[in-house]
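> Okay, here's the structure, questions in a sec.
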Amino acid sequence: QVQLVESGGGLVQAGGSLRLSCRASGRTLSTYNMGWFRQAPGKGRVFVAGVSRDGGTTLVADSVKGRFTISRDTAKNTVSLQMNTLKPEDTADYYCAARAARWPAEVEVDEDLYDYWGQGTRVTVSS
């Protein structure tokens, strides 16, 4: 079992930055590819960013490209999402997820294929 706990959410003005962290316990994340998803009020959960097991491959959604960066720290068993130039449309609950990787460079965008989820952290961007 892997327990994931997100932190770093909050209220920020448009144009500001936040850094979300996802800390894992129970198992090392070194065998998992990781993803961040978000769910805006009244909408479904969507892929935001993902990183491969070996950290060498990342993928971000077009809506956040150039503004968000995903990274992982294997030693600390954490995954982070650096969010810059935030916009009101980034307002959502953000979730961290882990998937047992099939190969080192795999990045998964399908939420249904993830094995473990955190409880989420809320990000609110005011205009």
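Identifiers for the structure tokens are assigned positionally: chains receive A, B, ... in sequence, residues are indexed from 1 per chain, and ligands are indexed from 1 in the order shown.
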Do a neighbour search on Pro88 in chain A at 10 Å with only C-alpha atoms, toss out local chain neighbours closer than 5 positions, and write the hits as an MDAnalysis selection string.
chainID A and resid 12:15 123:127
> Save the residues we just selected, N, CA, C and O atoms, as a PDB file, in the first residue's frame?

```
ATOM      1  N   VAL A  12      -4.245  32.241  -3.843  1.00  0.00           N
ATOM      2  CA  VAL A  12      -3.206  33.067  -4.452  1.00  0.00           C
ATOM      3  C   VAL A  12      -3.847  33.964  -5.506  1.00  0.00           C
ATOM      4  O   VAL A  12      -4.858  33.607  -6.104  1.00  0.00           O
ATOM      5  N   GLN A  13      -3.257  35.110  -5.726  1.00  0.00           N
ATOM      6  CA  GLN A  13      -3.746  36.018  -6.761  1.00  0.00           C
ATOM      7  C   GLN A  13      -3.279  35.558  -8.133  1.00  0.00           C
ATOM      8  O   GLN A  13      -2.231  34.895  -8.256  1.00  0.00           O
ATOM      9  N   ALA A  14      -4.032  35.909  -9.126  1.00  0.00           N
ATOM     10  CA  ALA A  14      -3.650  35.601 -10.502  1.00  0.00           C
ATOM     11  C   ALA A  14      -2.249  36.151 -10.779  1.00  0.00           C
ATOM     12  O   ALA A  14      -1.913  37.262 -10.370  1.00  0.00           O
ATOM     13  N   GLY A  15      -1.451  35.337 -11.445  1.00  0.00           N
ATOM     14  CA  GLY A  15      -0.073  35.696 -11.725  1.00  0.00           C
ATOM     15  C   GLY A  15       0.904  35.182 -10.692  1.00  0.00           C
ATOM     16  O   GLY A  15       2.123  35.231 -10.915  1.00  0.00           O
ATOM     17  N   VAL A 123      -6.563  24.535  -4.512  1.00  0.00           N
ATOM     18  CA  VAL A 123      -5.906  25.734  -5.022  1.00  0.00           C
ATOM     19  C   VAL A 123      -6.984  26.691  -5.510  1.00  0.00           C
ATOM     20  O   VAL A 123      -7.826  26.308  -6.331  1.00  0.00           O
ATOM     21  N   THR A 124      -6.928  27.903  -4.997  1.00  0.00           N
ATOM     22  CA  THR A 124      -7.884  28.926  -5.416  1.00  0.00           C
ATOM     23  C   THR A 124      -7.106  30.134  -5.921  1.00  0.00           C
ATOM     24  O   THR A 124      -6.258  30.673  -5.200  1.00  0.00           O
ATOM     25  N   VAL A 125      -7.384  30.516  -7.157  1.00  0.00           N
ATOM     26  CA  VAL A 125      -6.695  31.645  -7.773  1.00  0.00           C
ATOM     27  C   VAL A 125      -7.715  32.763  -7.973  1.00  0.00           C
ATOM     28  O   VAL A 125      -8.688  32.602  -8.703  1.00  0.00           O
ATOM     29  N   SER A 126      -7.457  33.867  -7.326  1.00  0.00           N
ATOM     30  CA  SER A 126      -8.369  35.007  -7.436  1.00  0.00           C
ATOM     31  C   SER A 126      -7.944  35.938  -8.557  1.00  0.00           C
ATOM     32  O   SER A 126      -6.747  36.078  -8.845  1.00  0.00           O
ATOM     33  N   SER A 127      -8.917  36.566  -9.171  1.00  0.00           N
ATOM     34  CA  SER A 127      -8.617  37.467 -10.306  1.00  0.00           C
ATOM     35  C   SER A 127      -8.351  38.885  -9.826  1.00  0.00           C
ATOM     36  O   SER A 127      -8.541  39.225  -8.689  1.00  0.00           O
TER      37      SER A 127
END
```
> Excluding Arg72 in chain A and any residue of its chain fewer than 5 positions from it, enumerate the residues within 9 Å of it, using only C-alpha atoms, and give them as an MDAnalysis selection string.
chainID A and resid 34 51 55 77:81
> At what distance in Å, to one decimal, does CA of Gly118 in chain A lie from CA of Ser17 in chain A?
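Here the two named atoms are 21.5 Å from each other.
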> List the neighbours of Glu6 in chain A out to 12 Å using only C-alpha atoms; skip same-chain residues closer than 4 positions along the sequence, and give me the result as a list in words.
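My reading of the contact set: Gly10, Arg19, Leu20, Ser21, Cys22, Arg23, Ala24, Ser25, Gly35, Trp36, Phe37, Thr78, Val79, Ser80, Leu81, Asp93, Tyr94, Tyr95, Cys96, Ala97, Trp117, Gly118, Gln119, Gly120, Thr121, Arg122 and Val123 of chain A.
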> Any chance you can output those residues with C-alpha atoms as a short mmCIF file (atom, residue, chain, number, x, y, z; two decimals), in the first residue's frame?

```cif
data_model
loop_
_atom_site.label_atom_id
_atom_site.label_comp_id
_atom_site.auth_asym_id
_atom_site.auth_seq_id
_atom_site.Cartn_x
_atom_site.Cartn_y
_atom_site.Cartn_z
CA GLY A 10 -4.05 27.73 -0.83
CA ARG A 19 4.33 24.67 -5.14
CA LEU A 20 2.40 21.52 -4.39
CA SER A 21 4.08 18.55 -2.76
CA CYS A 22 3.03 14.95 -2.54
CA ARG A 23 4.67 12.86 0.13
CA ALA A 24 4.44 9.09 0.07
CA SER A 25 4.59 6.58 2.86
CA GLY A 35 0.79 12.13 -11.86
CA TRP A 36 -1.01 15.26 -10.83
CA PHE A 37 -4.67 15.68 -11.67
CA THR A 78 8.10 13.12 -2.89
CA VAL A 79 6.70 14.55 -6.09
CA SER A 80 6.19 18.26 -6.61
CA LEU A 81 4.21 20.47 -8.93
CA ASP A 93 -8.68 20.46 -6.12
CA TYR A 94 -5.32 18.95 -7.04
CA TYR A 95 -4.63 15.26 -6.57
CA CYS A 96 -1.44 13.27 -6.59
CA ALA A 97 -1.53 9.72 -7.94
CA TRP A 117 -4.51 8.61 -4.82
CA GLY A 118 -4.05 11.32 -2.27
CA GLN A 119 -6.89 13.19 -0.63
CA GLY A 120 -6.28 16.36 -2.61
CA THR A 121 -5.30 19.92 -1.87
CA ARG A 122 -7.32 22.94 -2.90
CA VAL A 123 -5.91 25.73 -5.02
#
```
> For Ser30 in chain A, which residue out of A:Thr57, A:Ser52, A:Ser63, A:Gln82 is the nearest one, using only C-alpha atoms?
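For Ser30 in chain A, the nearest of the given residues is A:Ser52.
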> Once DSSP has gone over the backbone, tell me which residues of range 2-59 of chain A are in strand (DSSP E), as an MDAnalysis selection string.
chainID A and resid 3:7 10:13 18:25 32:39 45:51 58:59
